[in-house]
Amino acid sequence: MSQSEAKIISSPPQIKVPDTNAFHPGKNGASELVPSRYALKIGDIDVMVVSDGVLPLPTQMLGHNADPAVRASWMAKMFLPADAFDWPLNAVVVRSGNQTILLDAGLGLDPDLHLPRAGQLVQRLAAADIDLSSVTDIVLTHLHMDHIGGLLVDGVKEKLRPDLKIHAAAAEISFWANPDFSHTKMPEGFPAALRATAKHFLEMYRSQIQTFDEQHEVAPGVMVRRTGGHTPGHAVIRIASGDEALTFAGDAVFTVGFDQPDWHNGFEHDPEEAARVRVDLLRQLADTRELLVATHLPFPSLGRVAVAGDAFRWVPVIWDY
């Protein structure tokens, strides 16, 4: 065993639980039989992962460039149904200094898509005693409806502070002026819903949007960086304090992306670039050993990345309760 390996084994990275002045779990409602939020500390920064629920999707969109038999074999190996699966939805709340920052805003409510198990973010923030009026900043990884729809729920805008700043990549805002769906493989109804939701969001919040080109420090230790790929302005957010760090990867990484990083997801507008971004990000995270959270990894989505031959391995953390 090398000295570096011995050091890792003797001093593994630690997740610090929040103190009494940080996030607290609030109270579960009678209808909430399992926790929907998970709090931790990254150095001096408070972080809470909040589940927005799940939505069912057809399995072929997990890797529409993959051989159907290979894809079916992977689904069976993962104990997942052959035809459809539940896609988790996660958002993150960060407190750094005097700023409270929401990373993505969930699906909201779209009755035309019949997705009653998703769109839970607003009530789950309330259950965690996070008042919408306390949110100073919102950072959007991109403008797909499962990342902005929560801001369009009736009554939400009125509860947000008038000086709220919404951060998004300039390339993302430009893309949705005339979005290209020619390389996507989405279920029927989704392209129209995505267009309509992005248009509605931009009409409602344009005056509060602050754009950046490549990267921007939202708060001390909270850096957003454009990656592109999934959408032209897709971004990831890295939270760093002391010797600890966590990356919220948005839609750059899906569950299948560890074993099959080259598989194309049906929601990717530039699948080949998205695969390149995914591999680069996973390599970086495997090298740094820092925490990863992503929108569509199973809640609470916290884990680390390890290299496994030509692909990667997801290593979930142990829940600390």
# chains A, B, ... in the order shown; residues from 1 in each chain; ligands from 1
$ residues_around --residues "Ser51 (chain A)" --least-positions-apart "5" --cutoff "12 Å" --atoms "only C-alpha atoms" --output "ChimeraX atom specification"
/A:32,34-39,87-93,104-107,117-125,127-128,146,293-301
$ select_by_dssp --residues "region 8-257 of chain A" --states "strand (DSSP E)" --output "number ranges by chain"
A: 37-42, 45-58, 84-96, 99-103, 137-139, 165-169, 209-212, 215-219, 222-226, 235-241, 244-248
$ residues_around --residues "Asp83 (chain A)" --least-positions-apart "2" --cutoff "9 Å" --atoms "only C-alpha atoms" --output "PyMOL selection string"
chain A and resi 57-60+72+80-81+85
$ atom_distance --atom1 "CA of Phe267 (chain A)" --atom2 "CA of Asp251 (chain A)"
9.1 Å
$ select_by_dssp --residues "region 78-162 of chain A" --states "alpha helix (DSSP H)" --output "PyMOL selection string"
chain A and resi 121-127+145-148+156-159
$ residues_around --residues "Leu302 (chain A)" --least-positions-apart "3" --cutoff "7 Å" --atoms "only C-alpha atoms" --output "PyMOL selection string"
chain A and resi 291-293+316-317
$ atom_distance --atom1 "CA of Asn65 (chain A)" --atom2 "CA of His264 (chain A)"
5.9 Å
$ closest_residue --among "A:Ala69, A:Leu152, A:Met186, A:Leu109" --to "Gly266 (chain A)" --atoms "only C-alpha atoms"
A:Met186
$ closest_residue --among "A:Leu246, A:Leu132, A:Ile209, A:Met145" --to "Met48 (chain A)" --atoms "only C-alpha atoms"
A:Leu246
$ closest_residue --among "A:Glu244, A:Ile138, A:Met61, A:Lys159" --to "Val218 (chain A)" --atoms "only C-alpha atoms"
A:Ile138
$ closest_residue --among "A:Ile42, A:Pro162, A:Ile130, A:Lys77" --to "Glu290 (chain A)" --atoms "only C-alpha atoms"
A:Ile42
